[in-house]
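**Student:** Just protein_6.txt, nothing more (compact mmCIF, C-alpha atoms):
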# COMPACT_ATOMS: atom_id res chain seq x y z
CA MET A 522 98.60 71.03 95.73
CA VAL A 523 97.34 73.88 97.90
CA TYR A 524 99.39 77.09 98.00
CA VAL A 525 99.55 78.14 101.64
CA GLY A 526 100.69 81.76 101.14
CA PRO A 527 97.51 83.60 100.10
CA ILE A 528 95.28 81.40 102.27
CA LEU A 529 97.34 81.94 105.43
CA PHE A 530 98.04 85.64 105.03
CA GLY A 531 94.55 86.36 103.69
CA PHE A 532 93.10 84.75 106.78
CA ILE A 533 95.45 86.65 109.11
CA LEU A 534 94.74 90.04 107.52
CA GLY A 535 91.00 89.28 107.50
CA PHE A 536 91.12 88.20 111.12
CA ILE A 537 92.85 91.44 112.14
CA LEU A 538 90.24 93.54 110.31
CA GLY A 539 87.35 91.41 111.57
CA SER A 540 88.48 91.75 115.16
CA ARG A 541 87.87 95.50 114.88
CA ILE A 542 84.16 95.09 114.04
CA LYS A 543 82.14 96.11 117.06
CA SER A 544 78.36 96.32 117.05
CA ASN A 545 77.12 99.59 118.49
CA ALA A 546 74.21 99.19 120.90
CA GLU A 547 73.13 102.82 120.42
CA SER A 548 72.90 102.57 116.64
CA LYS A 549 69.51 102.15 114.96
CA VAL A 550 70.98 100.06 112.17
CA ARG A 551 71.70 96.46 113.22
CA PHE A 552 73.47 93.77 111.24
CA PRO A 553 72.13 90.34 112.21
CA ILE A 554 73.77 87.03 111.32
CA SER A 555 71.78 86.87 108.09
CA THR A 556 73.75 89.89 106.82
CA TYR A 557 77.02 88.02 107.25
CA LEU A 558 75.57 84.93 105.56
CA VAL A 559 74.59 87.00 102.53
CA VAL A 560 78.05 88.61 102.49
CA LEU A 561 79.62 85.14 102.60
CA LEU A 562 77.53 83.95 99.65
CA VAL A 563 78.31 87.08 97.63
CA ALA A 564 82.01 86.66 98.49
CA LEU A 565 81.91 83.06 97.28
CA PHE A 566 80.42 84.20 93.97
CA MET A 567 82.97 87.02 93.68
CA ALA A 568 85.85 84.62 94.40
CA TRP A 569 84.60 82.32 91.66
CA GLN A 570 84.27 85.20 89.20
CA LEU A 571 87.70 86.63 90.10
CA GLY A 572 89.42 83.28 89.61
CA PRO A 573 92.88 82.33 90.81
CA PHE A 574 96.05 84.40 90.28
CA PRO A 575 98.16 83.67 87.20
CA TYR A 576 100.31 80.52 87.63
CA TYR A 577 98.07 79.31 90.48
CA VAL A 578 96.59 75.94 89.54
CA ASP A 579 95.36 74.75 92.93
CA SER A 580 91.73 75.90 92.63
CA VAL A 581 89.25 77.60 90.32
CA ILE A 582 88.41 80.38 92.80
CA ALA A 583 90.41 83.23 94.35
CA SER A 584 91.53 81.39 97.49
CA GLY A 585 93.00 84.54 99.10
CA PHE A 586 89.68 86.36 98.74
CA LEU A 587 87.75 83.52 100.32
CA ALA A 588 90.31 83.13 103.11
CA THR A 589 90.01 86.85 103.86
CA ILE A 590 86.21 86.82 104.22
CA ILE A 591 86.42 83.70 106.40
CA GLY A 592 89.10 85.46 108.49
CA LEU A 593 86.92 88.57 108.74
CA LEU A 594 83.92 86.61 109.97
CA THR A 595 86.07 84.54 112.34
CA GLY A 596 87.71 87.66 113.76
CA LYS A 597 84.31 89.28 114.23
CA THR A 598 83.00 86.16 115.96
CA VAL A 599 86.01 85.67 118.23
CA TRP A 600 86.89 89.22 119.24
CA GLY A 601 84.41 91.50 117.57
CA ILE A 602 81.42 91.27 119.89
CA LYS A 603 82.93 91.49 123.35
CA ASN A 604 82.01 95.12 124.10
CA HIS A 605 78.39 95.53 123.10
CA GLY A 606 77.09 92.15 121.94
CA ILE A 607 75.17 91.55 118.71
CA MET B 1215 73.05 109.80 106.01
CA SER B 1216 70.03 107.93 104.63
CA THR B 1217 68.98 104.53 105.97
CA ILE B 1218 69.51 102.89 102.57
CA LEU B 1219 73.16 103.95 102.64
CA LYS B 1220 73.55 102.76 106.21
CA ILE B 1221 72.20 99.32 105.32
CA PHE B 1222 74.30 98.99 102.17
CA VAL B 1223 77.69 100.38 103.17
CA PHE B 1224 78.84 97.97 105.88
CA PRO B 1225 78.39 94.75 103.83
CA ALA B 1226 79.93 96.49 100.82
CA ALA B 1227 82.88 97.61 102.95
CA LEU B 1228 83.51 94.00 104.00
CA LEU B 1229 83.74 92.93 100.36
CA ILE B 1230 85.92 95.92 99.40
CA MET B 1231 88.29 95.05 102.24
CA CYS B 1232 88.55 91.47 100.95
CA LEU B 1233 89.30 92.81 97.49
CA GLY B 1234 92.00 95.06 99.00
CA VAL B 1235 93.63 92.09 100.71
CA LEU B 1236 93.51 90.20 97.39
CA ILE B 1237 95.27 93.13 95.68
CA ILE B 1238 97.97 93.02 98.38
CA LEU B 1239 98.43 89.25 98.08
CA GLY B 1240 98.68 89.39 94.30
CA GLY B 1241 101.06 92.33 94.22
CA HIS B 1242 103.98 90.26 92.94
CA ILE B 1243 102.04 88.74 90.01
CA THR B 1244 99.22 91.08 89.03
CA PRO B 1245 98.83 94.88 88.89
CA GLY B 1246 98.53 96.35 92.36
CA GLY B 1247 100.53 95.76 95.50
CA GLY B 1248 100.86 96.88 99.08
CA PHE B 1249 100.04 100.54 98.59
CA GLN B 1250 97.07 99.99 96.30
CA GLY B 1251 95.56 97.23 98.43
CA GLY B 1252 96.12 99.18 101.64
CA ALA B 1253 94.45 102.21 100.07
CA MET B 1254 91.45 100.05 99.09
CA ILE B 1255 91.08 98.73 102.64
CA ALA B 1256 91.41 102.25 104.02
CA GLY B 1257 88.84 103.37 101.43
CA ALA B 1258 86.36 100.81 102.75
CA PHE B 1259 86.96 102.05 106.28
CA ILE B 1260 86.59 105.69 105.20
CA PHE B 1261 83.34 104.75 103.38
CA CYS B 1262 81.96 103.49 106.73
CA ALA B 1263 83.38 106.39 108.74
CA ILE B 1264 81.69 108.96 106.50
CA VAL B 1265 78.32 107.21 106.30
CA TYR B 1266 78.00 106.11 109.96
CA GLY B 1267 80.13 108.77 111.61
CA LEU B 1268 82.94 107.96 114.01
CA LYS B 1269 80.65 107.03 116.92
CA GLU B 1270 78.42 104.55 115.07
CA ASN B 1271 81.13 103.18 112.80
CA PRO B 1272 81.16 99.35 113.03
CA PHE B 1273 84.93 99.38 112.47
CA LYS B 1274 86.59 100.62 115.64
CA PHE B 1275 90.16 101.58 114.77
CA SER B 1276 91.39 102.65 118.19
CA HIS B 1277 94.54 104.64 118.83
CA ASN B 1278 96.35 101.59 120.22
CA PHE B 1279 95.34 99.46 117.24
CA LEU B 1280 96.54 102.09 114.77
CA ALA B 1281 99.81 102.60 116.63
CA SER B 1282 100.55 98.89 116.92
CA MET B 1283 99.74 98.15 113.27
CA GLU B 1284 101.80 101.11 112.07
CA SER B 1285 104.72 99.90 114.18
CA PHE B 1286 104.30 96.35 112.91
CA GLY B 1287 104.37 97.53 109.30
CA ALA B 1288 107.45 99.69 109.73
CA LEU B 1289 109.32 97.13 111.83
CA GLY B 1290 108.40 94.30 109.44
CA PHE B 1291 109.88 96.20 106.51
CA LEU B 1292 112.99 97.05 108.52
CA ILE B 1293 113.47 93.49 109.75
CA LEU B 1294 113.18 92.10 106.21
CA GLY B 1295 115.71 94.65 104.99
CA LEU B 1296 118.13 94.05 107.84
CA SER B 1297 117.81 90.26 107.42
CA GLY B 1298 119.11 90.70 103.90
CA LEU B 1299 121.96 92.84 105.21
CA LEU B 1300 122.79 90.29 107.89
CA PHE B 1301 122.82 87.16 105.73
CA SER B 1302 124.03 88.51 102.39
CA GLY B 1303 125.59 91.94 102.97
CA PHE B 1304 122.94 93.75 100.92
CA PHE B 1305 120.02 95.68 102.43
CA LEU B 1306 116.64 94.25 101.27
CA TYR B 1307 118.37 91.36 99.50
CA ASN B 1308 115.72 88.91 98.32
CA LEU B 1309 116.60 86.05 100.66
CA GLY B 1310 113.78 83.84 99.41
CA VAL B 1311 115.12 83.81 95.84
CA ASP B 1312 118.90 84.19 96.42
CA LEU B 1313 119.93 85.04 92.86
CA ASN B 1314 123.62 85.29 93.85
CA GLN B 1315 123.64 81.86 95.54
CA ILE B 1316 125.32 83.20 98.68
CA ILE B 1317 123.08 82.06 101.54
CA PRO B 1318 122.28 78.63 103.01
CA SER B 1319 119.24 76.88 101.61
CA PHE B 1320 117.34 76.70 104.92
CA ILE B 1321 117.35 80.51 105.15
CA GLN B 1322 116.14 80.69 101.56
CA ASN B 1323 113.32 78.26 102.32
CA PHE B 1324 112.37 80.21 105.44
CA PHE B 1325 112.00 83.51 103.60
CA ASN B 1326 110.40 82.14 100.43
CA TYR B 1327 106.70 82.92 100.10
CA PRO B 1328 104.82 79.61 99.65
CA ASP B 1329 103.33 79.95 96.18
CA PRO B 1330 104.28 78.76 92.67
CA THR B 1331 105.96 82.01 91.53
CA ASN B 1332 109.07 81.77 93.76
CA ALA B 1333 108.81 85.47 94.65
CA GLY B 1334 110.89 85.41 97.84
CA ILE B 1335 110.30 88.29 100.22
CA ILE B 1336 108.36 90.52 97.79
CA PRO B 1337 104.88 89.38 99.01
CA TYR B 1338 105.96 89.92 102.61
CA LEU B 1339 107.06 93.45 101.74
CA ASN B 1340 103.69 94.01 100.05
CA ILE B 1341 101.87 92.84 103.17
CA VAL B 1342 103.75 95.11 105.59
CA VAL B 1343 103.46 98.08 103.22
CA GLY B 1344 99.73 97.38 102.87
CA ILE B 1345 99.26 97.38 106.63
CA LYS B 1346 101.18 100.63 106.97
CA VAL B 1347 99.22 102.35 104.21
CA LEU B 1348 95.82 101.24 105.48
CA VAL B 1349 96.65 102.55 108.95
CA GLY B 1350 98.15 105.79 107.67
CA LEU B 1351 95.23 106.74 105.44
CA SER B 1352 92.65 105.69 108.06
CA ALA B 1353 94.43 107.75 110.73
CA VAL B 1354 94.33 110.86 108.54
CA VAL B 1355 90.56 110.56 108.03
CA ILE B 1356 89.90 109.77 111.71
CA THR B 1357 91.86 112.88 112.67
CA PHE B 1358 89.91 115.04 110.22
CA LEU B 1359 86.56 113.66 111.44
CA GLU B 1360 87.45 114.30 115.07
CA PHE B 1361 88.09 118.00 114.44
CA LYS B 1362 84.83 119.36 113.08
Please lay out the structure from this file as structure tokens.

**Tutor:**
Amino acid sequence: MVYVGPILFGFILGFILGSRIKSNAESKVRFPISTYLVVLLVALFMAWQLGPFPYYVDSVIASGFLATIIGLLTGKTVWGIKNHGI
Amino acid sequence: MSTILKIFVFPAALLIMCLGVLIILGGHITPGGGFQGGAMIAGAFIFCAIVYGLKENPFKFSHNFLASMESFGALGFLILGLSGLLFSGFFLYNLGVDLNQIIPSFIQNFFNYPDPTNAGIIPYLNIVVGIKVLVGLSAVVITFLEFK
């Protein structure tokens, strides 16, 4: 059984934060897609190391953490690049 | 700031923000809660704001965004409190748990947070408090950085 609470609200909060990520065209430091891929892999490892909350038996990883990083990346992809582009 | 810091801070801030959200979502079971998680998310934003400066900061917390999120947090808390007052007669009554058995079951199901702990409205309160705290602390730092 999957517990919807942390997955849903983690995704929503991540999406809100991700939608505020805007790449700055004037900045010398750029973050290409590979940066986000590395962040996703590190987040997956962190979620596995953190483990689920007490009394949660639906998965072996922190589902809220993973939902948040997916929400962040989705928010950045959907709304985050409209001003300046990657 | 040095280039090494500029390369490191943004990815680290993403992970710290995720950890902050996890602290918010686990506030009813584990140590932490809305304030602590919100402060962690704001800390990640402040980390970026200090290293990149306000102009180059990848996280653009505009005035409208801050105002709307602050309003959402405050109104969310108020609506949850007034819902308790409306259905049970007690302000901030935990409608999702209903210890006194005084409200219909469909209202209890509506307000119950979907997880195995049967925590009722407590996680929702944590979420709205977290949003309010992250906006409040970020706004303070943005204000300070604007007035050099």

**Student:** Please, what distance in Å, to one decimal, runs between atom CA of Tyr576 of chain A and atom CA of Thr1331 of chain B?

**Tutor:** 7.0 Å

**Student:** Using only C-alpha atoms, I'd like every residue of chain A that has an atom within 9 Å of chain B; please write them out as a compact mmCIF listing (two decimals) with C-alpha atoms, in the frame of the given file.

**Tutor:**
# COMPACT_ATOMS: atom_id res chain seq x y z
CA VAL A 523 97.34 73.88 97.90
CA TYR A 524 99.39 77.09 98.00
CA VAL A 525 99.55 78.14 101.64
CA GLY A 526 100.69 81.76 101.14
CA PRO A 527 97.51 83.60 100.10
CA PHE A 530 98.04 85.64 105.03
CA GLY A 531 94.55 86.36 103.69
CA LEU A 534 94.74 90.04 107.52
CA GLY A 535 91.00 89.28 107.50
CA LEU A 538 90.24 93.54 110.31
CA GLY A 539 87.35 91.41 111.57
CA SER A 540 88.48 91.75 115.16
CA ARG A 541 87.87 95.50 114.88
CA ILE A 542 84.16 95.09 114.04
CA LYS A 543 82.14 96.11 117.06
CA SER A 544 78.36 96.32 117.05
CA ASN A 545 77.12 99.59 118.49
CA ALA A 546 74.21 99.19 120.90
CA GLU A 547 73.13 102.82 120.42
CA SER A 548 72.90 102.57 116.64
CA VAL A 550 70.98 100.06 112.17
CA ARG A 551 71.70 96.46 113.22
CA PHE A 552 73.47 93.77 111.24
CA THR A 556 73.75 89.89 106.82
CA TYR A 557 77.02 88.02 107.25
CA VAL A 559 74.59 87.00 102.53
CA VAL A 560 78.05 88.61 102.49
CA VAL A 563 78.31 87.08 97.63
CA ALA A 564 82.01 86.66 98.49
CA MET A 567 82.97 87.02 93.68
CA PHE A 574 96.05 84.40 90.28
CA PRO A 575 98.16 83.67 87.20
CA TYR A 576 100.31 80.52 87.63
CA TYR A 577 98.07 79.31 90.48
CA VAL A 578 96.59 75.94 89.54
CA ALA A 583 90.41 83.23 94.35
CA GLY A 585 93.00 84.54 99.10
CA PHE A 586 89.68 86.36 98.74
CA LEU A 587 87.75 83.52 100.32
CA ALA A 588 90.31 83.13 103.11
CA THR A 589 90.01 86.85 103.86
CA ILE A 590 86.21 86.82 104.22
CA LEU A 593 86.92 88.57 108.74

**Student:** Report, in Å with one decimal, the straight-line distance from atom CA of Leu562 of chain A to atom CA of Met522 of chain A.

**Tutor:**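 Calculated distance between atom CA of Leu562 of chain A and atom CA of Met522 of chain A is 25.0 Å.
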
**Student:** Find the residue from B:Phe1261, B:Phe1286, B:Phe1291, B:Tyr1307 that sits nearest to Val1223 of chain B; use only C-alpha atoms when measuring.

**Tutor:**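 Nearest to Val1223 of chain B: B:Phe1261.
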
**Student:** Atom CA of Leu571 of chain A to atom CA of Thr598 of chain A: how many Å, to one decimal?

**Tutor:**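 About the pair atom CA of Leu571 of chain A and atom CA of Thr598 of chain A: they are 26.3 Å apart.
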
**Student:** Using only the atoms of segment 1298-1313 of chain B listed in the file, plus 3 Å on each side, state the axis-aligned box centre and edge lengths in Å rounded to one decimal, as AutoDock Vina command-line options.

**Tutor:**
--center_x 119.7 --center_y 89.7 --center_z 100.4 --size_x 17.8 --size_y 17.9 --size_z 21.0

**Student:** Which is closer to Val599 of chain A than all the others in A:Ile582, A:Ile528, A:Ile537, A:Ser555, using all atoms listed in the file?

**Tutor:**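 Once distances to Val599 of chain A are computed over all atoms listed in the file, the minimum belongs to A:Ile537.
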
**Student:** Considering only C-alpha atoms, can you say which of B:Leu1313, B:Ala1288, B:Ala1281, B:Ile1230 comes closest to Ile1260 of chain B?

**Tutor:**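 Among the listed residues, the smallest separation from Ile1260 of chain B belongs to B:Ile1230.
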
**Student:** May I ask which of the residues B:Gln1322, B:Met1215, B:Val1355, B:Val1265 is the closest one to Ala1227 of chain B, counting all atoms listed in the file?

**Tutor:**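 Closest candidate: B:Val1265.
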
**Student:** Write out as a ChimeraX atom specification each polymer residue whose atoms come within 12 Å of Asn1308 of chain B, counting all atoms listed in the file; drop sequence neighbours fewer than 5 positions from it.

**Tutor:** /B:1294-1303,1313-1317,1321-1327,1332-1339

**Student:** Can you patch up segment 1231-1260 of chain B, filling it in to N, CA and C atoms, and show the result as a compact mmCIF listing (two decimals), keeping the file's coordinate frame?

**Tutor:**
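Output saved as result.txt:
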# COMPACT_ATOMS: atom_id res chain seq x y z
N MET B 1231 87.10 95.39 101.46
CA MET B 1231 88.29 95.05 102.24
C MET B 1231 88.91 93.74 101.76
N CYS B 1232 88.05 92.76 101.46
CA CYS B 1232 88.55 91.47 100.95
C CYS B 1232 89.26 91.68 99.61
N LEU B 1233 88.69 92.53 98.78
CA LEU B 1233 89.30 92.81 97.49
C LEU B 1233 90.66 93.51 97.69
N GLY B 1234 90.73 94.40 98.68
CA GLY B 1234 92.00 95.06 99.00
C GLY B 1234 93.07 94.07 99.43
N VAL B 1235 92.67 93.12 100.27
CA VAL B 1235 93.63 92.09 100.71
C VAL B 1235 94.08 91.26 99.51
N LEU B 1236 93.15 90.97 98.59
CA LEU B 1236 93.51 90.20 97.39
C LEU B 1236 94.51 90.98 96.53
N ILE B 1237 94.33 92.29 96.45
CA ILE B 1237 95.27 93.13 95.68
C ILE B 1237 96.66 93.08 96.33
N ILE B 1238 96.68 93.11 97.67
CA ILE B 1238 97.97 93.02 98.38
C ILE B 1238 98.64 91.67 98.10
N LEU B 1239 97.86 90.60 98.21
CA LEU B 1239 98.43 89.25 98.08
C LEU B 1239 98.87 88.94 96.65
N GLY B 1240 98.29 89.63 95.69
CA GLY B 1240 98.68 89.39 94.30
C GLY B 1240 99.64 90.43 93.76
N GLY B 1241 100.21 91.21 94.65
CA GLY B 1241 101.06 92.33 94.22
C GLY B 1241 102.30 91.91 93.45
N HIS B 1242 102.77 90.69 93.64
CA HIS B 1242 103.98 90.26 92.94
C HIS B 1242 103.68 89.60 91.59
N ILE B 1243 102.39 89.38 91.30
CA ILE B 1243 102.04 88.74 90.01
C ILE B 1243 101.19 89.66 89.15
N THR B 1244 100.20 90.29 89.78
CA THR B 1244 99.22 91.08 89.03
C THR B 1244 99.40 92.57 89.34
N PRO B 1245 98.76 93.44 88.57
CA PRO B 1245 98.83 94.88 88.89
C PRO B 1245 98.30 95.14 90.30
N GLY B 1246 98.91 96.07 90.97
CA GLY B 1246 98.53 96.35 92.36
C GLY B 1246 99.71 96.09 93.27
N GLY B 1247 99.45 95.98 94.53
CA GLY B 1247 100.53 95.76 95.50
C GLY B 1247 100.13 96.27 96.86
N GLY B 1248 101.12 96.47 97.71
CA GLY B 1248 100.86 96.88 99.08
C GLY B 1248 100.15 98.21 99.19
N PHE B 1249 100.64 99.21 98.48
CA PHE B 1249 100.04 100.54 98.59
C PHE B 1249 98.60 100.55 98.08
N GLN B 1250 98.40 99.97 96.91
CA GLN B 1250 97.07 99.99 96.30
C GLN B 1250 96.05 99.22 97.14
N GLY B 1251 96.46 98.04 97.60
CA GLY B 1251 95.56 97.23 98.43
C GLY B 1251 95.26 97.90 99.76
N GLY B 1252 96.31 98.46 100.37
CA GLY B 1252 96.12 99.18 101.64
C GLY B 1252 95.19 100.37 101.46
N ALA B 1253 95.33 101.06 100.33
CA ALA B 1253 94.45 102.21 100.07
C ALA B 1253 93.01 101.76 99.87
N MET B 1254 92.82 100.57 99.26
CA MET B 1254 91.45 100.05 99.09
C MET B 1254 90.83 99.71 100.44
N ILE B 1255 91.61 99.08 101.32
CA ILE B 1255 91.08 98.73 102.64
C ILE B 1255 90.75 100.01 103.41
N ALA B 1256 91.67 100.98 103.35
CA ALA B 1256 91.41 102.25 104.02
C ALA B 1256 90.18 102.93 103.41
N GLY B 1257 90.01 102.80 102.09
CA GLY B 1257 88.84 103.37 101.43
C GLY B 1257 87.54 102.77 101.96
N ALA B 1258 87.55 101.46 102.18
CA ALA B 1258 86.36 100.81 102.75
C ALA B 1258 86.07 101.34 104.16
N PHE B 1259 87.14 101.51 104.93
CA PHE B 1259 86.96 102.05 106.28
C PHE B 1259 86.43 103.49 106.23
N ILE B 1260 87.00 104.28 105.32
CA ILE B 1260 86.59 105.69 105.20
C ILE B 1260 85.12 105.77 104.75
